[in-house]
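Participant: Coordinates in final-v1.cif, mmCIF, C-alpha atoms, are listed below.
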```cif
data_model
#
loop_
_atom_site.label_atom_id
_atom_site.label_comp_id
_atom_site.auth_asym_id
_atom_site.auth_seq_id
_atom_site.Cartn_x
_atom_site.Cartn_y
_atom_site.Cartn_z
CA MET T 1328 -57.57 -56.27 -124.46
CA ALA T 1329 -56.69 -57.21 -120.89
CA LEU T 1330 -53.21 -55.71 -121.27
CA GLY T 1331 -54.69 -52.52 -122.66
CA THR T 1332 -57.10 -52.23 -119.75
CA ALA T 1333 -54.31 -52.89 -117.27
CA GLY T 1334 -52.24 -50.20 -118.95
CA VAL T 1335 -55.05 -47.66 -118.67
CA VAL T 1336 -55.52 -48.50 -114.99
CA LEU T 1337 -51.81 -48.08 -114.29
CA VAL T 1338 -51.70 -44.76 -116.12
CA TRP T 1339 -54.68 -43.51 -114.12
CA LEU T 1340 -53.20 -44.82 -110.88
CA PHE T 1341 -49.79 -43.17 -111.19
CA ALA T 1342 -50.45 -40.19 -113.46
CA VAL T 1343 -50.50 -36.84 -111.65
CA TRP T 1344 -49.50 -33.41 -112.88
CA PRO T 1345 -47.12 -31.82 -112.18
CA PRO T 1346 -45.05 -34.90 -111.32
CA PRO T 1347 -43.94 -35.08 -107.67
CA VAL T 1348 -40.32 -34.30 -108.55
CA TRP T 1349 -41.48 -30.80 -109.56
CA TRP T 1350 -42.13 -29.92 -105.92
CA ARG T 1351 -38.46 -30.29 -104.97
CA ASP T 1352 -37.92 -26.61 -105.70
CA HIS T 1353 -41.35 -25.27 -106.64
CA TRP T 1354 -44.44 -24.33 -104.65
CA PRO T 1355 -48.01 -24.96 -105.78
CA ARG T 1356 -49.94 -21.81 -106.52
CA GLU T 1357 -53.10 -23.51 -105.30
CA THR T 1358 -54.08 -27.10 -104.57
CA ALA T 1359 -56.89 -29.42 -105.57
CA MET T 1360 -58.37 -29.16 -102.07
CA MET T 1361 -58.27 -25.36 -102.17
CA ARG T 1362 -60.15 -25.38 -105.46
CA GLU T 1363 -62.70 -27.84 -104.12
CA MET T 1364 -63.35 -26.14 -100.80
CA ALA T 1365 -63.45 -22.61 -102.22
CA ASP T 1366 -65.36 -23.71 -105.35
CA CYS T 1367 -62.76 -22.06 -107.57
CA ARG T 1368 -64.45 -22.84 -110.84
CA THR T 1369 -64.70 -20.78 -113.98
CA VAL T 1370 -67.88 -22.48 -115.20
CA GLY T 1371 -70.74 -20.00 -115.43
CA ARG T 1372 -68.53 -16.92 -115.11
CA PRO T 1373 -68.92 -14.59 -118.07
CA ASP T 1374 -65.21 -13.75 -118.15
CA GLY T 1375 -64.10 -17.35 -117.55
CA GLN T 1376 -61.67 -16.16 -114.88
CA THR T 1377 -61.01 -17.79 -111.53
CA PRO T 1378 -62.75 -15.95 -108.67
CA SER T 1379 -60.47 -13.50 -106.89
CA ALA T 1380 -61.50 -15.00 -103.54
CA CYS T 1381 -59.79 -18.26 -104.45
CA PRO T 1382 -57.09 -19.00 -101.85
CA THR T 1383 -53.47 -19.34 -102.84
CA VAL T 1384 -50.48 -20.94 -101.15
CA ARG T 1385 -48.38 -18.45 -99.17
CA PRO T 1386 -45.38 -20.59 -98.28
CA SER T 1387 -43.22 -20.46 -95.19
CA ALA T 1388 -39.88 -22.23 -95.21
CA LEU T 1389 -39.51 -25.07 -92.74
CA LYS T 1390 -36.82 -23.13 -90.89
CA ASP T 1391 -39.43 -20.43 -90.21
CA ILE T 1392 -41.86 -22.91 -88.64
CA SER T 1393 -41.36 -23.71 -84.98
CA PRO T 1394 -39.62 -27.10 -84.52
CA VAL T 1395 -42.02 -27.70 -81.63
CA LEU T 1396 -44.97 -27.33 -83.99
CA GLN T 1397 -43.36 -29.69 -86.49
CA ARG T 1398 -42.95 -32.26 -83.74
CA MET T 1399 -46.52 -31.79 -82.49
CA VAL T 1400 -47.94 -32.38 -85.97
CA ILE T 1401 -45.93 -35.58 -86.38
CA ILE T 1402 -47.05 -36.81 -82.96
CA ALA T 1403 -50.70 -36.05 -83.71
CA GLU T 1404 -50.94 -37.08 -87.35
CA ASP T 1405 -48.25 -39.63 -88.18
CA SER T 1406 -45.96 -40.86 -85.41
CA ARG T 1407 -43.94 -43.05 -87.80
CA PHE T 1408 -43.53 -40.32 -90.42
CA ARG T 1409 -39.74 -40.44 -90.37
CA SER T 1410 -39.57 -44.20 -90.89
CA HIS T 1411 -42.36 -45.26 -93.28
CA VAL T 1412 -42.29 -45.04 -97.08
CA GLY T 1413 -45.45 -43.03 -97.59
CA ILE T 1414 -48.00 -45.51 -96.29
CA ASP T 1415 -48.02 -47.14 -92.89
CA PRO T 1416 -49.18 -50.78 -93.09
CA ALA T 1417 -49.17 -51.20 -89.31
CA GLU T 1418 -51.42 -48.18 -88.84
CA ILE T 1419 -53.75 -49.37 -91.60
CA ALA T 1420 -54.02 -52.79 -89.97
CA ASP T 1421 -54.80 -51.21 -86.60
CA ALA T 1422 -57.41 -48.89 -88.10
CA LEU T 1423 -59.15 -51.70 -89.95
CA GLY T 1424 -58.92 -54.17 -87.09
CA LEU T 1425 -56.96 -56.68 -89.12
CA ASP T 1426 -55.32 -59.68 -87.54
CA GLY T 1427 -52.05 -60.96 -88.99
CA ALA T 1428 -53.44 -64.48 -88.89
CA GLN T 1429 -56.35 -63.63 -91.19
CA GLY T 1430 -56.40 -64.97 -94.71
CA PHE T 1431 -56.20 -62.68 -97.72
CA TRP T 1432 -59.91 -62.59 -98.51
CA SER T 1433 -60.86 -62.18 -94.86
CA ALA T 1434 -58.50 -59.21 -94.71
CA VAL T 1435 -60.02 -57.73 -97.87
CA GLY T 1436 -63.53 -58.16 -96.42
CA ALA T 1437 -62.53 -56.50 -93.16
CA ALA T 1438 -60.88 -53.66 -95.05
CA TRP T 1439 -64.05 -53.04 -97.04
CA ARG T 1440 -66.30 -53.13 -93.96
CA HIS T 1441 -64.12 -50.66 -92.06
CA ARG T 1442 -63.02 -48.50 -94.98
CA ASP T 1443 -64.42 -45.38 -93.27
CA ARG T 1444 -61.63 -45.69 -90.68
CA LEU T 1445 -58.85 -45.15 -93.19
CA ARG T 1446 -58.61 -41.42 -92.45
CA GLY T 1447 -57.04 -42.26 -89.12
CA ALA T 1448 -54.43 -44.37 -90.92
CA SER T 1449 -53.49 -41.72 -93.49
CA THR T 1450 -49.87 -40.63 -93.27
CA ILE T 1451 -48.72 -37.05 -93.69
CA THR T 1452 -47.51 -38.01 -97.16
CA GLN T 1453 -50.94 -39.37 -98.08
CA GLN T 1454 -52.60 -36.21 -96.81
CA LEU T 1455 -50.20 -34.15 -98.90
CA ALA T 1456 -51.12 -36.25 -101.95
CA LYS T 1457 -54.81 -35.68 -101.25
CA ASN T 1458 -54.38 -31.94 -100.76
CA VAL T 1459 -52.23 -31.28 -103.80
CA TYR T 1460 -53.69 -33.67 -106.36
CA LEU T 1461 -56.96 -35.28 -105.31
CA SER T 1462 -60.12 -34.47 -103.35
CA SER T 1463 -61.92 -35.05 -100.06
CA SER T 1464 -63.89 -38.00 -101.49
CA ARG T 1465 -64.02 -41.12 -99.31
CA ASN T 1466 -64.25 -43.39 -102.34
CA PRO T 1467 -61.97 -46.42 -101.76
CA ILE T 1468 -60.68 -46.11 -105.34
CA ARG T 1469 -59.55 -42.57 -104.55
CA LYS T 1470 -57.74 -43.92 -101.49
CA VAL T 1471 -55.83 -46.34 -103.71
CA LYS T 1472 -54.68 -43.49 -105.95
CA GLU T 1473 -53.77 -41.50 -102.84
CA ALA T 1474 -51.53 -44.33 -101.64
CA ALA T 1475 -49.86 -44.67 -105.05
CA THR T 1476 -49.26 -40.92 -105.21
CA ALA T 1477 -47.83 -40.95 -101.68
CA LEU T 1478 -45.30 -43.58 -102.72
CA ARG T 1479 -44.24 -41.39 -105.65
CA LEU T 1480 -43.90 -38.35 -103.38
CA GLU T 1481 -41.65 -40.32 -101.03
CA LEU T 1482 -39.45 -41.40 -103.93
CA ALA T 1483 -39.12 -37.85 -105.24
CA LEU T 1484 -38.90 -35.71 -102.10
CA SER T 1485 -37.11 -35.66 -98.77
CA LYS T 1486 -39.05 -36.05 -95.54
CA ASP T 1487 -38.39 -32.43 -94.62
CA ARG T 1488 -39.71 -31.23 -97.97
CA ILE T 1489 -42.86 -33.37 -97.62
CA LEU T 1490 -43.48 -31.95 -94.15
CA GLU T 1491 -42.78 -28.40 -95.36
CA LEU T 1492 -45.26 -28.74 -98.22
CA TYR T 1493 -47.91 -30.32 -96.02
CA LEU T 1494 -47.76 -27.63 -93.33
CA ASN T 1495 -48.16 -24.96 -96.00
CA VAL T 1496 -51.03 -26.45 -97.99
CA ALA T 1497 -53.13 -28.01 -95.21
CA GLU T 1498 -56.39 -26.40 -94.18
CA TRP T 1499 -56.39 -25.30 -90.53
CA GLY T 1500 -59.89 -23.85 -90.38
CA PRO T 1501 -62.60 -22.57 -92.74
CA GLY T 1502 -60.67 -20.60 -95.36
CA ILE T 1503 -57.40 -20.77 -93.38
CA TRP T 1504 -54.71 -22.37 -95.54
CA GLY T 1505 -51.14 -22.80 -94.38
CA VAL T 1506 -49.60 -22.94 -90.96
CA ASP T 1507 -48.46 -19.33 -90.78
CA ALA T 1508 -51.93 -18.03 -91.65
CA ALA T 1509 -53.39 -20.31 -88.96
CA SER T 1510 -50.87 -19.21 -86.37
CA ARG T 1511 -51.61 -15.55 -86.99
CA ALA T 1512 -55.38 -16.07 -87.19
CA TYR T 1513 -55.71 -18.01 -83.94
CA PHE T 1514 -52.85 -16.67 -81.81
CA GLY T 1515 -51.68 -13.43 -83.43
CA ALA T 1516 -48.14 -14.73 -83.79
CA PRO T 1517 -46.03 -16.12 -86.65
CA ALA T 1518 -45.52 -19.86 -86.88
CA SER T 1519 -41.94 -19.44 -85.66
CA ARG T 1520 -42.99 -18.08 -82.25
CA LEU T 1521 -45.63 -20.47 -80.96
CA THR T 1522 -45.62 -21.83 -77.42
CA GLU T 1523 -45.88 -25.57 -76.78
CA GLU T 1524 -49.56 -25.21 -75.90
CA GLN T 1525 -50.33 -23.21 -79.03
CA ALA T 1526 -48.40 -25.60 -81.25
CA ALA T 1527 -50.27 -28.58 -79.80
CA GLU T 1528 -53.59 -26.79 -80.27
CA LEU T 1529 -52.84 -26.17 -83.93
CA ALA T 1530 -51.87 -29.81 -84.39
CA ALA T 1531 -55.14 -30.84 -82.73
CA THR T 1532 -57.03 -28.85 -85.37
CA LEU T 1533 -55.75 -30.82 -88.36
CA PRO T 1534 -58.05 -33.89 -88.33
CA HIS T 1535 -61.22 -31.78 -88.55
CA PRO T 1536 -60.32 -28.12 -89.22
CA ARG T 1537 -63.82 -27.08 -90.26
CA THR T 1538 -65.71 -28.64 -87.38
CA SER T 1539 -63.28 -28.30 -84.49
CA ASN T 1540 -60.63 -25.61 -84.09
CA PRO T 1541 -59.51 -23.05 -81.50
CA THR T 1542 -62.57 -20.86 -82.20
CA PHE T 1543 -65.26 -23.42 -83.05
CA ARG T 1544 -65.95 -26.22 -80.53
CA PRO T 1545 -62.69 -25.37 -78.74
CA ASP T 1546 -63.40 -27.83 -75.91
CA ARG T 1547 -62.96 -30.71 -78.32
CA THR T 1548 -59.75 -29.20 -79.69
CA LEU T 1549 -58.38 -28.63 -76.19
CA ALA T 1550 -59.05 -32.24 -75.17
CA ARG T 1551 -57.02 -33.47 -78.13
CA ARG T 1552 -54.36 -30.81 -77.48
CA ASN T 1553 -53.86 -32.14 -73.96
CA LEU T 1554 -53.27 -35.66 -75.28
CA ILE T 1555 -50.72 -34.37 -77.80
CA LEU T 1556 -48.93 -32.39 -75.09
CA ALA T 1557 -48.82 -35.42 -72.82
CA ARG T 1558 -47.28 -37.55 -75.56
CA TYR T 1559 -44.79 -34.76 -76.35
CA ARG T 1560 -43.74 -34.69 -72.70
CA GLY T 1561 -43.15 -38.42 -72.58
CA VAL T 1562 -46.43 -39.72 -71.18
CA ASP T 1563 -47.54 -42.96 -72.80
CA VAL T 1564 -51.06 -41.91 -73.81
CA TYR T 1565 -53.24 -43.04 -76.68
CA ILE T 1566 -54.23 -40.36 -79.18
CA PRO T 1567 -57.31 -41.72 -80.94
CA PRO T 1568 -57.40 -41.19 -84.69
CA GLU T 1569 -60.19 -38.92 -85.78
CA GLU T 1570 -62.41 -39.87 -88.68
CA GLU T 1571 -62.45 -37.30 -91.44
CA MET T 1572 -65.08 -34.74 -90.52
CA ASP T 1573 -64.98 -32.22 -93.33
CA THR T 1574 -68.70 -31.60 -93.44
CA VAL T 1575 -69.04 -27.87 -93.32
CA VAL T 1576 -71.43 -26.59 -90.69
CA ILE T 1577 -73.18 -23.81 -92.51
CA VAL T 1578 -74.23 -20.99 -90.20
CA PRO T 1579 -76.82 -18.79 -91.91
CA PRO T 1580 -75.66 -15.19 -92.09
CA VAL T 1581 -77.39 -12.65 -89.89
CA ILE T 1582 -78.64 -9.86 -92.15
CA VAL T 1583 -79.08 -6.57 -90.32
CA PRO T 1584 -81.44 -4.14 -92.09
CA PRO T 1585 -80.36 -0.52 -92.61
CA ILE T 1586 -80.72 1.52 -89.46
CA ASP T 1587 -83.08 4.03 -91.07
CA THR T 1588 -85.60 1.28 -91.80
CA LEU T 1589 -85.89 0.22 -88.18
CA SER T 1590 -89.01 1.33 -86.34
CA VAL T 1591 -88.61 1.17 -82.58
CA GLN T 1592 -91.71 1.71 -80.42
CA LEU T 1593 -90.67 3.36 -77.17
CA PRO T 1594 -93.03 3.24 -74.16
CA MET T 1595 -94.73 6.48 -73.15
CA PRO T 1596 -92.89 8.23 -70.29
CA VAL T 1597 -94.59 7.88 -66.92
CA ASP T 1598 -94.30 10.41 -64.13
CA THR T 1599 -93.51 7.95 -61.38
CA LEU T 1600 -93.13 10.67 -58.74
CA VAL T 1601 -96.72 11.87 -59.25
CA ASP T 1602 -98.02 8.31 -59.30
CA THR T 1603 -96.21 7.44 -56.10
CA THR T 1604 -97.51 10.56 -54.31
CA ALA T 1605 -101.04 9.87 -55.46
CA SER T 1606 -100.80 6.29 -54.29
CA GLN T 1607 -99.58 7.35 -50.85
CA THR T 1608 -102.43 9.95 -50.57
CA ASP T 1609 -105.05 7.35 -51.44
CA SER T 1610 -103.77 5.03 -48.78
CA LEU T 1611 -104.15 7.60 -45.99
#
```
Let me see the file written as structure tokens.

Facilitator:
Amino acid sequence: MALGTAGVVLVWLFAVWPPPVWWRDHWPRETAMMREMADCRTVGRPDGQTPSACPTVRPSALKDISPVLQRMVIIAEDSRFRSHVGIDPAEIADALGLDGAQGFWSAVGAAWRHRDRLRGASTITQQLAKNVYLSSSRNPIRKVKEAATALRLELALSKDRILELYLNVAEWGPGIWGVDAASRAYFGAPASRLTEEQAAELAATLPHPRTSNPTFRPDRTLARRNLILARYRGVDVYIPPEEEMDTVVIVPPVIVPPIDTLSVQLPMPVDTLVDTTASQTDSL
């Protein structure tokens, strides 16, 4: 019984479809995060078809993405991307406030108490796993599956391919999927022609694309951009990890009634010249 349960847990932990090796030379049509954020469900639709407004991946090859932008994203999101194996134990320990001298159970307790900080410790590979296969849930069990999937992605794909996939499937703003779409939406230029400042600003958007981006709360984005630029230029600055802030701020739409239904009351015209003359006559 115990072996059977362990087997089921292992299957759940490592089973994803398509398997990571598939992405060596294929692109996802859409991702789990796209379906979640756009509510791309067929339930309740009479034709059972996916809504046409559902976003799809429009890939750009890594060679068509500015190397400066690639570097800015690594600086901002995962400074040890080129050296870790999908998860970054040192970053996790820092995020959770763990001390190497702590015992096992003390470390587990600390990890549970500070589990909300794990977003700041997520590697680019983990974020790719979340985007392609999983969801935005903060459930610790989901984080375990994310880590296992990240390890499989690292075994199957090169670092460049992982970065290429991530840049193309990440959300960069409400309904803005992929780095080229973001570059054109915010700066009117393809991802291959961004300046250092623009590249850093895009990288600053990634931790919270729906609540802070170049058009919504730009002051917050610019503050983070400046830190990324400083690090890029060799200044030893600390870039604080941002907690996941995917709560969508819903702005109610402004509904303008048809123009022919508007009734505008204009004031009656007043002959100011006559009034002024009369006033002057009375005062004499």

Participant: Decode the PyMOL selection byres ((chain T and resi 1513) around 10) for the given file into explicit residues and return them as a ChimeraX atom specification.

Facilitator: /T:1499-1500,1503,1508-1512,1514-1516,1525,1528-1529,1540-1542

Participant: If I take atom CA of His1411 of chain T and atom CA of Trp1504 of chain T, how far is one from the other in Å, to one decimal?

Facilitator: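 Separation between atom CA of His1411 of chain T and atom CA of Trp1504 of chain T: 26.1 Å.
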
Participant: Please indicate the distance in Å from atom CA of Asn1553 of chain T to atom CA of Glu1524 of chain T, rounded to one decimal place.

Facilitator: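 Separation of atom CA of Asn1553 of chain T and atom CA of Glu1524 of chain T: 8.4 Å.
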
Participant: Name the residues in contact with segment 1354-1356 of chain T at a cut-off of 8 Å, using only C-alpha atoms, excluding same-chain residues fewer than 4 positions from it; report them as a list in words.

Facilitator: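 Close residues of segment 1354-1356 of chain T: Trp1350, Thr1383, Val1384, Pro1386, Val1459 and Leu1492 of chain T.
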
Participant: Selected by the PyMOL selection byres ((chain T and resi 1453) around 9) in the shown coordinates: which residues, as a list in words?

Facilitator: Gly1413, Ile1414, Ser1449, Thr1450, Ile1451, Thr1452, Gln1454, Leu1455, Ala1456, Lys1457, Asn1458, Lys1470, Glu1473, Ala1474, Ala1475, Thr1476, Ala1477, Leu1478 and Leu1480 of chain T

Participant: For each of T:Arg1398, T:Arg1552, T:Arg1560, T:Arg1407, take the minimum atom-to-atom distance to Ala1527 of chain T, counting only C-alpha atoms, then give the residue where this is smallest.

Facilitator: T:Arg1552

Participant: Work out how far apart atom CA of Pro1567 of chain T and atom CA of Ala1526 of chain T are and give it in Å to one decimal.

Facilitator: 18.4 Å

Participant: Using only C-alpha atoms for the distances, tell me which of T:Ile1402, T:Pro1545, T:Leu1337, T:Leu1461 is nearest to Tyr1559 of chain T.

Facilitator: T:Ile1402

Participant: I need the output of the PyMOL selection byres ((chain T and resi 1343) around 10) for this file as JSON, numbers by chain; which residues are they?

Facilitator: {"T": [1338, 1339, 1340, 1341, 1342, 1344, 1345, 1346, 1347, 1456, 1459, 1460, 1461, 1472, 1476, 1479]}

Participant: Could you check the closest approach to Pro1536 of chain T for each of T:Ala1497, T:Ala1420, T:Ala1550, T:Ala1365 and tell me which residue wins, using all atoms listed in the file?

Facilitator: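 Closest candidate: T:Ala1497.
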
Participant: Of the candidates T:Ala1359, T:Ala1403, T:Leu1494, T:Leu1396, which shows the shortest atom-to-atom distance to Ala1557 of chain T, using only C-alpha atoms?

Facilitator: T:Ala1403

Participant: Rank nothing, just name the residue among T:Cys1381, T:Leu1490, T:Leu1521, T:Ile1468 nearest to Glu1357 of chain T, using only C-alpha atoms.

Facilitator: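 For Glu1357 of chain T, the nearest of the given residues is T:Cys1381.
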